[in-house]
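One file, work.cif, is given below (mmCIF, C-alpha atoms).
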```cif
data_entry
#
loop_
_atom_site.label_atom_id
_atom_site.label_comp_id
_atom_site.auth_asym_id
_atom_site.auth_seq_id
_atom_site.Cartn_x
_atom_site.Cartn_y
_atom_site.Cartn_z
CA MET I 1 18.20 26.35 -12.45
CA ARG I 2 15.77 28.99 -11.24
CA LEU I 3 12.63 28.04 -9.36
CA ASN I 4 9.43 30.07 -8.96
CA LEU I 5 6.75 28.91 -6.58
CA THR I 6 4.27 30.20 -4.03
CA VAL I 7 5.07 29.47 -0.41
CA ASN I 8 2.60 30.35 2.35
CA GLY I 9 0.82 32.70 -0.02
CA GLU I 10 3.93 34.62 -1.11
CA PRO I 11 5.63 34.29 -4.49
CA GLN I 12 9.16 33.02 -4.00
CA GLN I 13 12.16 32.65 -6.26
CA ALA I 14 15.28 30.60 -5.72
CA ASP I 15 18.36 30.47 -7.94
CA ASP I 16 21.14 27.97 -8.55
CA ILE I 17 18.90 25.02 -7.74
CA TRP I 18 20.44 21.62 -8.40
CA PRO I 19 17.75 19.73 -10.36
CA GLY I 20 17.99 16.66 -8.14
CA GLU I 21 17.47 18.47 -4.86
CA SER I 22 14.20 18.11 -3.01
CA LEU I 23 11.50 20.63 -2.28
CA LEU I 24 12.42 20.10 1.37
CA TYR I 25 15.98 21.27 0.70
CA VAL I 26 14.67 24.31 -1.18
CA LEU I 27 12.37 25.26 1.70
CA ARG I 28 14.97 24.81 4.42
CA GLU I 29 18.23 25.83 2.80
CA ARG I 30 17.22 28.26 0.05
CA LEU I 31 14.14 29.95 1.46
CA GLY I 32 14.98 29.93 5.17
CA LEU I 33 11.91 28.01 6.25
CA PRO I 34 13.21 25.32 8.64
CA GLY I 35 9.78 24.26 9.91
CA ALA I 36 9.55 21.16 7.74
CA LYS I 37 12.13 18.76 9.18
CA ASN I 38 14.69 16.65 7.41
CA ALA I 39 14.88 13.20 8.95
CA CYS I 40 14.57 10.03 6.89
CA GLU I 41 14.68 11.50 3.34
CA GLN I 42 12.66 8.52 2.10
CA GLY I 43 9.06 9.33 2.92
CA GLU I 44 8.97 7.03 5.94
CA CYS I 45 8.71 9.52 8.79
CA GLY I 46 6.49 12.38 7.61
CA SER I 47 8.55 15.08 9.38
CA CYS I 48 8.82 17.01 6.12
CA THR I 49 5.08 16.99 5.35
CA VAL I 50 3.83 20.15 3.61
CA TYR I 51 0.80 20.98 1.55
CA LEU I 52 1.51 20.85 -2.18
CA ASP I 53 -1.44 22.37 -4.04
CA GLY I 54 -3.56 21.73 -0.96
CA VAL I 55 -2.60 18.06 -0.60
CA PRO I 56 -0.21 16.75 2.09
CA ALA I 57 3.01 15.42 0.61
CA CYS I 58 6.47 14.48 1.83
CA SER I 59 8.53 17.40 0.57
CA CYS I 60 11.66 15.21 0.60
CA LEU I 61 10.13 13.19 -2.26
CA VAL I 62 9.24 16.16 -4.49
CA ALA I 63 12.00 17.17 -6.89
CA ALA I 64 12.54 20.91 -6.72
CA GLY I 65 11.66 21.40 -10.36
CA GLN I 66 8.35 19.61 -9.89
CA ALA I 67 7.25 22.46 -7.61
CA GLU I 68 7.76 25.09 -10.33
CA GLY I 69 4.63 27.24 -10.46
CA HIS I 70 2.96 25.30 -7.66
CA ASP I 71 1.54 26.30 -4.31
CA VAL I 72 3.23 25.16 -1.10
CA VAL I 73 2.07 25.68 2.47
CA THR I 74 4.46 24.75 5.27
CA VAL I 75 3.89 24.58 9.01
CA GLU I 76 4.98 28.23 9.12
CA GLY I 77 1.90 29.08 7.08
CA LEU I 78 -0.73 27.39 9.25
CA ALA I 79 -1.14 30.12 11.87
CA PRO I 80 -3.36 33.07 10.96
CA GLY I 81 -0.87 35.68 12.22
CA GLU I 82 2.46 36.30 13.94
CA ASP I 83 1.04 36.11 17.47
CA ASP I 84 -1.76 33.62 16.87
CA LEU I 85 -1.74 29.89 16.60
CA HIS I 86 -4.02 27.75 14.49
CA PRO I 87 -6.54 25.77 16.59
CA VAL I 88 -4.66 22.58 15.73
CA GLN I 89 -1.44 24.11 17.04
CA GLU I 90 -3.22 25.34 20.19
CA ALA I 91 -4.60 21.87 20.76
CA PHE I 92 -1.11 20.32 20.45
CA VAL I 93 0.18 22.77 23.08
CA GLU I 94 -2.74 22.23 25.44
CA ALA I 95 -2.79 18.46 25.15
CA GLY I 96 0.97 18.18 25.60
CA ALA I 97 1.28 16.46 22.23
CA VAL I 98 4.87 17.64 21.89
CA GLN I 99 8.02 16.30 23.48
CA CYS I 100 11.22 16.76 21.48
CA GLY I 101 9.20 18.52 18.78
CA PHE I 102 10.98 17.13 15.76
CA CYS I 103 7.95 15.33 14.33
CA THR I 104 5.57 18.13 15.32
CA PRO I 105 5.62 20.25 12.14
CA GLY I 106 4.76 17.26 9.97
CA LEU I 107 2.12 16.06 12.38
CA LEU I 108 0.59 19.54 12.49
CA VAL I 109 0.20 19.62 8.72
CA ALA I 110 -1.27 16.09 8.68
CA ALA I 111 -3.58 16.89 11.61
CA HIS I 112 -4.57 20.22 10.03
CA ASN I 113 -5.58 18.37 6.87
CA LEU I 114 -7.53 15.77 8.84
CA VAL I 115 -9.47 18.38 10.84
CA GLU I 116 -10.23 20.36 7.68
CA HIS I 117 -11.91 17.32 6.12
CA ASN I 118 -13.32 15.50 9.14
CA GLN I 119 -14.46 17.25 12.33
CA ASN I 120 -15.72 14.04 13.91
CA PRO I 121 -12.96 11.50 13.30
CA SER I 122 -12.99 8.09 14.91
CA ASP I 123 -9.77 6.91 16.56
CA ALA I 124 -9.25 4.54 13.64
CA GLU I 125 -9.55 7.44 11.20
CA ILE I 126 -7.07 9.56 13.18
CA ARG I 127 -4.60 6.68 13.29
CA GLU I 128 -4.97 6.08 9.56
CA GLU I 129 -4.56 9.77 8.66
CA LEU I 130 -1.47 10.11 10.86
CA ALA I 131 0.02 6.75 9.88
CA GLY I 132 2.71 8.43 7.80
CA ASN I 133 4.04 10.53 10.69
CA LEU I 134 6.39 8.89 13.15
CA CYS I 135 6.85 10.15 16.70
CA ARG I 136 9.44 8.41 18.86
CA CYS I 137 8.69 10.30 22.11
CA THR I 138 5.02 10.61 22.90
CA GLY I 139 3.59 7.18 22.24
CA TYR I 140 0.93 9.05 20.21
CA GLU I 141 -1.72 9.14 22.98
CA LYS I 142 -1.34 12.89 23.55
CA ILE I 143 -1.29 13.46 19.81
CA LEU I 144 -4.62 11.65 19.49
CA ASP I 145 -5.94 13.78 22.38
CA ALA I 146 -4.82 16.92 20.54
CA VAL I 147 -6.48 15.91 17.29
CA ARG I 148 -9.75 15.04 19.08
CA LEU I 149 -9.63 18.42 20.82
CA ALA I 150 -8.90 20.33 17.61
CA ALA I 151 -11.63 18.45 15.76
CA SER I 152 -14.27 19.09 18.39
CA ARG I 153 -13.39 22.79 18.61
CA THR I 154 -13.51 23.12 14.84
CA ARG I 155 -16.84 21.30 14.80
CA ASN I 156 -18.28 23.61 17.46
CA ARG I 157 -17.03 26.70 15.68
CA LYS I 158 -18.54 25.56 12.39
CA GLN I 159 -21.84 24.84 14.13
CA GLU I 160 -21.83 28.30 15.74
CA ALA I 161 -21.02 29.91 12.42
CA GLY I 162 -23.86 27.96 10.84
CA THR I 163 -26.50 29.06 13.35
CA MET G 1 21.91 16.59 -14.29
CA GLU G 2 19.21 18.08 -16.45
CA PHE G 3 15.62 18.58 -15.36
CA LEU G 4 13.19 18.26 -18.25
CA ARG G 5 9.58 19.27 -17.87
CA PRO G 6 7.64 18.31 -20.99
CA ALA G 7 4.17 19.83 -21.34
CA THR G 8 2.89 17.20 -23.77
CA TRP G 9 3.28 13.45 -24.17
CA ARG G 10 5.09 13.94 -27.47
CA GLU G 11 7.63 16.20 -25.76
CA ALA G 12 8.06 13.63 -23.00
CA LEU G 13 8.87 10.90 -25.54
CA GLU G 14 11.34 13.20 -27.30
CA ALA G 15 12.99 14.09 -24.00
CA GLN G 16 13.38 10.40 -23.14
CA ALA G 17 14.73 9.59 -26.63
CA ASN G 18 17.19 12.49 -26.66
CA HIS G 19 18.61 11.89 -23.18
CA PRO G 20 19.86 8.32 -22.89
CA GLY G 21 19.68 7.17 -19.29
CA ALA G 22 17.07 9.77 -18.34
CA VAL G 23 14.83 8.70 -15.47
CA PRO G 24 11.12 9.54 -15.63
CA ILE G 25 9.65 10.90 -12.40
CA ALA G 26 6.06 11.37 -11.24
CA GLY G 27 5.32 10.92 -7.52
CA GLY G 28 9.03 10.62 -6.73
CA THR G 29 8.46 8.04 -4.00
CA ASP G 30 11.15 5.78 -5.46
CA VAL G 31 13.19 8.09 -7.67
CA MET G 32 13.79 10.77 -5.02
CA VAL G 33 14.93 8.22 -2.46
CA GLU G 34 17.64 7.11 -4.90
CA LEU G 35 18.67 10.75 -5.43
CA ASN G 36 18.52 11.74 -1.74
CA PHE G 37 20.82 8.87 -0.82
CA GLY G 38 23.16 9.38 -3.75
CA ARG G 39 22.48 5.87 -5.07
CA ASN G 40 21.72 7.11 -8.55
CA ARG G 41 22.82 10.16 -10.51
CA PRO G 42 20.96 9.95 -13.83
CA PRO G 43 21.97 12.40 -16.56
CA ALA G 44 18.42 13.78 -16.64
CA LEU G 45 15.05 13.63 -14.92
CA VAL G 46 11.95 13.69 -17.13
CA ASP G 47 9.16 15.10 -14.97
CA LEU G 48 5.82 13.78 -16.22
CA THR G 49 3.65 15.76 -13.80
CA ALA G 50 3.16 18.70 -16.16
CA VAL G 51 1.48 16.45 -18.77
CA ASP G 52 -2.01 16.92 -17.33
CA GLU G 53 -3.79 14.13 -19.23
CA LEU G 54 -1.58 11.49 -17.56
CA ALA G 55 -3.20 12.09 -14.15
CA GLU G 56 -6.61 10.92 -15.42
CA TRP G 57 -8.35 7.65 -16.25
CA SER G 58 -10.80 6.71 -18.95
CA THR G 59 -12.78 3.70 -20.12
CA VAL G 60 -11.69 2.03 -23.37
CA ASP G 61 -13.50 -1.10 -24.65
CA GLY G 62 -14.40 -2.40 -21.21
CA GLU G 63 -10.98 -1.64 -19.81
CA ILE G 64 -10.01 1.10 -17.39
CA ARG G 65 -7.04 3.06 -18.72
CA ILE G 66 -5.00 4.50 -15.86
CA GLY G 67 -2.68 7.35 -16.80
CA ALA G 68 0.99 7.30 -15.83
CA THR G 69 0.76 9.95 -13.10
CA MET G 70 -2.58 8.97 -11.56
CA SER G 71 -2.04 8.74 -7.79
CA TYR G 72 -3.07 5.91 -5.51
CA THR G 73 -5.35 8.33 -3.67
CA LYS G 74 -7.22 8.98 -6.92
CA ILE G 75 -7.41 5.26 -7.73
CA ILE G 76 -8.94 4.61 -4.29
CA ALA G 77 -11.39 7.51 -4.61
CA GLU G 78 -12.50 6.91 -8.19
CA LEU G 79 -11.90 3.28 -9.18
CA ALA G 80 -12.90 1.19 -6.15
CA GLU G 81 -16.03 -0.05 -7.97
CA GLU G 82 -14.48 -1.01 -11.30
CA LEU G 83 -11.09 -2.14 -10.00
CA PRO G 84 -11.66 -3.35 -6.43
CA GLY G 85 -8.47 -5.44 -6.28
CA LEU G 86 -6.22 -2.59 -7.34
CA ALA G 87 -8.04 -0.17 -5.04
CA MET G 88 -7.54 -2.55 -2.10
CA ALA G 89 -3.86 -2.84 -2.88
CA ALA G 90 -3.60 0.95 -3.26
CA ARG G 91 -5.04 1.40 0.24
CA THR G 92 -2.13 -0.58 1.69
CA VAL G 93 0.53 1.58 0.03
CA GLY G 94 2.68 3.68 2.38
CA SER G 95 0.77 6.45 4.10
CA PRO G 96 -1.66 9.21 3.03
CA GLN G 97 1.27 11.41 1.98
CA ILE G 98 2.76 8.61 -0.11
CA ARG G 99 -0.57 7.66 -1.70
CA ASN G 100 -1.17 11.31 -2.61
CA ARG G 101 1.97 11.30 -4.76
CA GLY G 102 2.80 7.69 -5.61
CA THR G 103 1.38 6.09 -8.75
CA ALA G 104 0.52 2.58 -9.92
CA VAL G 105 2.51 3.13 -13.11
CA GLY G 106 5.47 4.15 -10.95
CA ASN G 107 5.16 0.76 -9.26
CA LEU G 108 5.64 -0.77 -12.72
CA GLY G 109 8.55 1.53 -13.50
CA ALA G 110 10.33 0.54 -10.30
CA ALA G 111 9.51 -3.15 -10.99
CA SER G 112 10.23 -4.17 -7.43
CA PRO G 113 8.88 -7.67 -6.77
CA ALA G 114 7.27 -6.22 -3.62
CA GLY G 115 5.24 -3.49 -5.36
CA ASP G 116 1.65 -3.56 -4.14
CA SER G 117 0.04 -2.92 -7.54
CA HIS G 118 1.47 -6.02 -9.17
CA PRO G 119 -0.74 -8.81 -7.75
CA PRO G 120 -4.07 -7.20 -8.74
CA LEU G 121 -2.69 -6.20 -12.15
CA LEU G 122 -1.58 -9.81 -12.74
CA ALA G 123 -4.84 -11.26 -11.41
CA THR G 124 -6.93 -9.12 -13.77
CA GLY G 125 -4.68 -9.48 -16.82
CA ALA G 126 -3.64 -5.85 -17.28
CA THR G 127 -1.83 -4.44 -20.30
CA VAL G 128 1.06 -1.96 -20.20
CA GLU G 129 1.10 0.76 -22.88
CA ALA G 130 4.74 1.47 -23.77
CA ASP G 131 5.37 4.46 -26.04
CA SER G 132 8.42 5.91 -27.71
CA VAL G 133 9.09 8.28 -30.57
CA ARG G 134 9.31 5.10 -32.68
CA GLY G 135 5.76 4.09 -31.91
CA SER G 136 3.47 2.44 -29.41
CA ARG G 137 3.15 -1.14 -28.21
CA ASP G 138 1.18 -3.17 -25.70
CA ILE G 139 3.00 -5.40 -23.23
CA ARG G 140 1.01 -8.07 -21.38
CA ILE G 141 1.56 -7.65 -17.69
CA GLU G 142 3.05 -11.13 -17.17
CA GLU G 143 5.64 -10.35 -19.84
CA PHE G 144 6.52 -6.98 -18.34
CA TYR G 145 8.54 -8.14 -15.34
CA LEU G 146 11.96 -9.52 -16.27
CA GLY G 147 13.76 -9.69 -12.93
CA VAL G 148 14.32 -7.82 -9.69
CA LYS G 149 13.77 -4.17 -10.69
CA ARG G 150 14.12 -5.11 -14.37
CA LYS G 151 11.31 -4.69 -16.87
CA ALA G 152 10.55 -5.09 -20.56
CA LEU G 153 10.97 -1.42 -21.49
CA GLU G 154 13.45 -0.13 -24.05
CA PRO G 155 15.60 2.81 -22.89
CA ASP G 156 13.61 5.28 -25.00
CA GLU G 157 10.21 3.96 -23.92
CA LEU G 158 7.88 5.45 -21.34
CA ILE G 159 4.75 3.89 -19.87
CA ARG G 160 1.83 6.04 -20.90
CA ALA G 161 -0.89 4.06 -19.15
CA ILE G 162 -2.00 0.67 -17.90
CA ARG G 163 -5.25 -0.85 -19.08
CA VAL G 164 -7.06 -3.04 -16.58
CA PRO G 165 -10.18 -5.05 -17.46
CA ALA G 166 -13.14 -3.79 -15.44
CA LYS G 167 -14.39 -6.07 -12.66
CA ARG G 168 -15.99 -9.32 -13.85
CA GLY G 169 -16.49 -10.78 -10.40
CA PRO G 170 -15.20 -10.50 -6.85
CA GLN G 171 -11.59 -9.47 -6.29
CA GLN G 172 -9.45 -9.57 -3.17
CA PHE G 173 -5.98 -8.55 -2.07
CA SER G 174 -3.96 -9.50 0.97
CA LYS G 175 -0.57 -8.36 2.18
CA ILE G 176 1.66 -9.30 5.09
CA GLY G 177 3.67 -6.68 6.93
CA THR G 178 4.68 -5.59 10.39
CA ARG G 179 2.13 -2.78 10.70
CA ASN G 180 -0.79 -1.31 8.78
CA ALA G 181 1.15 1.57 7.23
CA MET G 182 4.53 2.18 5.60
CA VAL G 183 5.03 -1.50 4.96
CA ILE G 184 6.91 -3.14 2.15
CA ALA G 185 5.13 -6.44 1.62
CA VAL G 186 6.72 -9.52 3.20
CA CYS G 187 4.53 -11.21 0.63
CA SER G 188 1.21 -10.39 -0.97
CA PHE G 189 -1.50 -12.05 -2.99
CA GLY G 190 -4.29 -10.95 -5.30
CA ILE G 191 -7.21 -12.95 -6.67
CA ALA G 192 -9.81 -12.04 -9.30
CA LEU G 193 -12.77 -14.27 -10.08
CA ASN G 194 -14.26 -13.92 -13.54
CA THR G 195 -17.78 -15.17 -12.91
CA LEU G 196 -18.81 -14.70 -16.56
CA ASP G 197 -16.08 -16.87 -18.08
CA ARG G 198 -15.67 -18.87 -14.86
CA THR G 199 -11.95 -18.34 -14.75
CA VAL G 200 -9.63 -17.35 -11.94
CA GLY G 201 -6.74 -14.88 -11.96
CA THR G 202 -3.99 -14.68 -9.35
CA GLY G 203 -0.94 -12.58 -8.61
CA ILE G 204 1.87 -13.27 -6.15
CA GLY G 205 3.99 -10.42 -4.80
CA SER G 206 7.34 -10.38 -3.01
CA ALA G 207 7.89 -14.14 -3.18
CA ALA G 208 9.92 -14.56 -6.39
CA PRO G 209 12.37 -12.40 -8.42
CA THR G 210 9.34 -10.98 -10.22
CA PRO G 211 5.65 -10.71 -9.43
CA ARG G 212 4.00 -13.75 -11.02
CA HIS G 213 0.85 -15.76 -11.64
CA ALA G 214 0.09 -19.05 -9.95
CA GLY G 215 -1.00 -20.69 -13.21
CA ASP G 216 -1.65 -24.22 -11.93
CA ALA G 217 -3.62 -22.84 -9.02
CA GLU G 218 -5.77 -20.74 -11.36
CA GLU G 219 -6.57 -23.70 -13.58
CA PHE G 220 -7.26 -26.04 -10.67
CA LEU G 221 -9.59 -23.60 -8.95
CA ALA G 222 -11.52 -22.65 -12.09
CA GLY G 223 -12.23 -26.35 -12.68
CA ASN G 224 -13.21 -27.16 -9.09
CA LEU G 225 -15.30 -24.24 -7.81
CA PRO G 226 -19.03 -24.98 -7.42
CA TRP G 227 -19.95 -22.14 -9.83
CA ASP G 228 -23.53 -23.33 -10.43
CA ASP G 229 -24.62 -24.27 -6.90
CA ARG G 230 -22.70 -21.44 -5.24
CA ASP G 231 -21.99 -23.84 -2.37
CA PRO G 232 -19.17 -23.01 0.03
CA VAL G 233 -15.73 -23.87 -1.32
CA PRO G 234 -14.96 -27.44 -0.20
CA ASP G 235 -12.13 -27.45 2.36
CA GLY G 236 -10.03 -29.75 0.19
CA VAL G 237 -10.33 -27.42 -2.80
CA ALA G 238 -9.35 -24.35 -0.76
CA ARG G 239 -6.41 -26.21 0.77
CA ARG G 240 -5.18 -27.52 -2.56
CA PHE G 241 -5.51 -24.02 -4.06
CA GLY G 242 -3.33 -22.68 -1.24
CA GLU G 243 -0.73 -25.38 -1.84
CA LEU G 244 -0.60 -24.68 -5.57
CA VAL G 245 -0.20 -20.94 -4.94
CA ALA G 246 2.64 -21.63 -2.52
CA ASP G 247 4.22 -23.98 -5.09
CA ALA G 248 4.29 -21.17 -7.65
CA ALA G 249 6.46 -18.99 -5.41
CA VAL G 250 10.25 -19.10 -5.17
CA PRO G 251 10.88 -16.85 -2.19
CA ILE G 252 14.19 -15.99 -0.58
CA ASP G 253 15.23 -15.41 3.02
CA ASP G 254 15.76 -11.70 3.59
CA VAL G 255 15.40 -8.99 6.23
CA ARG G 256 11.62 -8.96 5.88
CA GLY G 257 11.09 -12.65 6.39
CA PRO G 258 12.35 -16.17 5.75
CA ALA G 259 11.37 -18.10 2.63
CA ARG G 260 9.57 -20.76 4.66
CA TYR G 261 7.36 -18.16 6.29
CA ARG G 262 6.54 -16.58 2.94
CA THR G 263 5.55 -19.91 1.44
CA HIS G 264 3.31 -20.73 4.37
CA ALA G 265 1.80 -17.23 4.48
CA LEU G 266 1.00 -17.36 0.77
CA SER G 267 -1.00 -20.56 1.12
CA VAL G 268 -2.95 -18.99 4.00
CA MET G 269 -3.57 -15.74 2.10
CA ALA G 270 -4.66 -17.68 -0.98
CA ARG G 271 -7.23 -19.65 1.04
CA ARG G 272 -8.51 -16.59 2.87
CA THR G 273 -8.81 -14.28 -0.13
CA LEU G 274 -10.59 -17.09 -1.98
CA GLY G 275 -13.00 -17.43 0.93
CA TRP G 276 -13.77 -13.68 0.97
CA ALA G 277 -14.18 -13.51 -2.80
CA TRP G 278 -16.35 -16.63 -2.96
CA GLU G 279 -18.57 -15.35 -0.13
CA GLU G 280 -19.19 -12.20 -2.17
CA TYR G 281 -20.11 -14.32 -5.20
CA ARG G 282 -22.47 -16.50 -3.15
CA CYS G 283 -24.23 -13.49 -1.67
CA ALA G 284 -24.47 -11.63 -4.98
#
```
Mind turning the file's structure into structure tokens?
Amino acid sequence: MRLNLTVNGEPQQADDIWPGESLLYVLRERLGLPGAKNACEQGECGSCTVYLDGVPACSCLVAAGQAEGHDVVTVEGLAPGEDDLHPVQEAFVEAGAVQCGFCTPGLLVAAHNLVEHNQNPSDAEIREELAGNLCRCTGYEKILDAVRLAASRTRNRKQEAGT
Amino acid sequence: MEFLRPATWREALEAQANHPGAVPIAGGTDVMVELNFGRNRPPALVDLTAVDELAEWSTVDGEIRIGATMSYTKIIAELAEELPGLAMAARTVGSPQIRNRGTAVGNLGAASPAGDSHPPLLATGATVEADSVRGSRDIRIEEFYLGVKRKALEPDELIRAIRVPAKRGPQQFSKIGTRNAMVIAVCSFGIALNTLDRTVGTGIGSAAPTPRHAGDAEEFLAGNLPWDDRDPVPDGVARRFGELVADAAVPIDDVRGPARYRTHALSVMARRTLGWAWEEYRCA
């Protein structure tokens, strides 16, 4: 089976797809994009979170064929350029929200989505939005710090742009 | 394994009819887990996500008709007014990522006794629309569940939609789990008061081989609530309601909790959800 989809803004094609394989497998093993991580394969951990048509989804739960013609953005597509980081990524680095790093790509996509929609999230809202992403190292406190930092910076930038 | 991607409902029904054993897939939150772990190798997948109309809802004769691929996120965003019980249950499903993809109709397809949609669908008296190339039929929700992960669908039938009567009074949902997210219910309970007909609907989840009503509890409560005076529910009535709900369950001991705990928790949830719903009625 052949698959056509858009990944990080670029049209992509993959051949010899087994119809039961996941979008996650396609991204990692067929398209060479190992950012999204393969951990639980049952939607429990969120390490494989990507945007599918602008909405965060566990790519391990999307059958490859379901992505035909659709638009995918992975963690590799969040940064504006090769040498730049997205403000959410910068905030994770600065706040020390990363230890082993395995959950980080999924958390970055979830946090990116949160900050896009809510630049003044309460702690309860952050916890709810990140509830589908497990981290076994950090205890989440630094991750919450990073999201607060990214949200406030985004808020300030929007305010500056508005004035 | 074949991957079939019908563009219309008719094509979907033909695909299902022509590929015995084919598994329909929408959000993939159950089906893909089975595939990822090699627990199931169906001869074909019928992907319903390209049939655009299925992702929408409409109003038909006072009922909300929820299409087969409508996500929990969309139910929460668009149906919280008309279907408060189902929207509450939808909010407790998985995580944002899961709610973005998972569907209430998929909950029916999986027919797990623990599915979060079942109690509110039972409490409100929903109807399942089952279609095949042979024709269309309605299945009453309480006749849909046959056993653990077994349901009243023929092999060539697909669920096109569920129809849920729009709110006719306060509704509540409660669920027990170990945390607020990513929880399969230890047990769950839904209640719907019909303040026009003065009837009560209930639904019990994860405490019997199938989701089920608590029929005696419904009848008892409808006959003993102070509908006219809108007084607080007498303690004895609330307690007896809880007991009758617990009596309707036949839970098992399993990894999520012992039967005794489930029975006790159900009686507590029944009393509490009744209290919340009745308070809303009194203040209305």
(message) Using all atoms listed in the file, can you tell me which of G:Ala90, G:Ile141, G:Ala111, G:Val183 comes closest to chain I?
(response)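 Among the listed residues, G:Val183 lies closest to chain I.
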(request) Counting all atoms listed in the file, select every polymer residue within 12 Å of (-8.2, 3.9, -4.0) as defined in the file's coordinates, and provide the selection as an MDAnalysis selection string. (result) chainID G and resid 70:93 96 99:100 102:104 117
Write out the residues from the selection above, keeping C-alpha atoms, as a PDB file, keeping the file's coordinate frame.
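Result file part.pdb:
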```pdb
ATOM      1  CA  MET G  70      -2.580   8.970 -11.560  1.00  0.00           C
ATOM      2  CA  SER G  71      -2.040   8.740  -7.790  1.00  0.00           C
ATOM      3  CA  TYR G  72      -3.070   5.910  -5.510  1.00  0.00           C
ATOM      4  CA  THR G  73      -5.350   8.330  -3.670  1.00  0.00           C
ATOM      5  CA  LYS G  74      -7.220   8.980  -6.920  1.00  0.00           C
ATOM      6  CA  ILE G  75      -7.410   5.260  -7.730  1.00  0.00           C
ATOM      7  CA  ILE G  76      -8.940   4.610  -4.290  1.00  0.00           C
ATOM      8  CA  ALA G  77     -11.390   7.510  -4.610  1.00  0.00           C
ATOM      9  CA  GLU G  78     -12.500   6.910  -8.190  1.00  0.00           C
ATOM     10  CA  LEU G  79     -11.900   3.280  -9.180  1.00  0.00           C
ATOM     11  CA  ALA G  80     -12.900   1.190  -6.150  1.00  0.00           C
ATOM     12  CA  GLU G  81     -16.030  -0.050  -7.970  1.00  0.00           C
ATOM     13  CA  GLU G  82     -14.480  -1.010 -11.300  1.00  0.00           C
ATOM     14  CA  LEU G  83     -11.090  -2.140 -10.000  1.00  0.00           C
ATOM     15  CA  PRO G  84     -11.660  -3.350  -6.430  1.00  0.00           C
ATOM     16  CA  GLY G  85      -8.470  -5.440  -6.280  1.00  0.00           C
ATOM     17  CA  LEU G  86      -6.220  -2.590  -7.340  1.00  0.00           C
ATOM     18  CA  ALA G  87      -8.040  -0.170  -5.040  1.00  0.00           C
ATOM     19  CA  MET G  88      -7.540  -2.550  -2.100  1.00  0.00           C
ATOM     20  CA  ALA G  89      -3.860  -2.840  -2.880  1.00  0.00           C
ATOM     21  CA  ALA G  90      -3.600   0.950  -3.260  1.00  0.00           C
ATOM     22  CA  ARG G  91      -5.040   1.400   0.240  1.00  0.00           C
ATOM     23  CA  THR G  92      -2.130  -0.580   1.690  1.00  0.00           C
ATOM     24  CA  VAL G  93       0.530   1.580   0.030  1.00  0.00           C
ATOM     25  CA  PRO G  96      -1.660   9.210   3.030  1.00  0.00           C
ATOM     26  CA  ARG G  99      -0.570   7.660  -1.700  1.00  0.00           C
ATOM     27  CA  ASN G 100      -1.170  11.310  -2.610  1.00  0.00           C
ATOM     28  CA  GLY G 102       2.800   7.690  -5.610  1.00  0.00           C
ATOM     29  CA  THR G 103       1.380   6.090  -8.750  1.00  0.00           C
ATOM     30  CA  ALA G 104       0.520   2.580  -9.920  1.00  0.00           C
ATOM     31  CA  SER G 117       0.040  -2.920  -7.540  1.00  0.00           C
TER      32      SER G 117
END
```
(request) Find the distance between CA of Ala110 (chain I) and CA of Ala39 (chain I) and write it in Å to one decimal. (result)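 One can read the CA of Ala110 (chain I) to CA of Ala39 (chain I) distance as 16.4 Å.
When CA of Ala152 (chain G) is paired with CA of Asp138 (chain G), their separation reads 10.9 Å.
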(request) Compare I:Gly20, I:Ala36, I:Glu68, I:Gln12 by their minimum atom-to-atom distance to Val31 (chain G), counting all atoms listed in the file, and give me the closest one. (result) I:Gly20
(request) Write out as a list of chain:residue names the residues lying within 10 Å of Asn224 (chain G), counting all atoms listed in the file and excluding same-chain residues fewer than 2 positions away. (result)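 Selected residues are G:Glu219, G:Phe220, G:Leu221, G:Ala222, G:Pro226, G:Trp227, G:Val233, G:Pro234, G:Val237, G:Ala238, G:Phe241.
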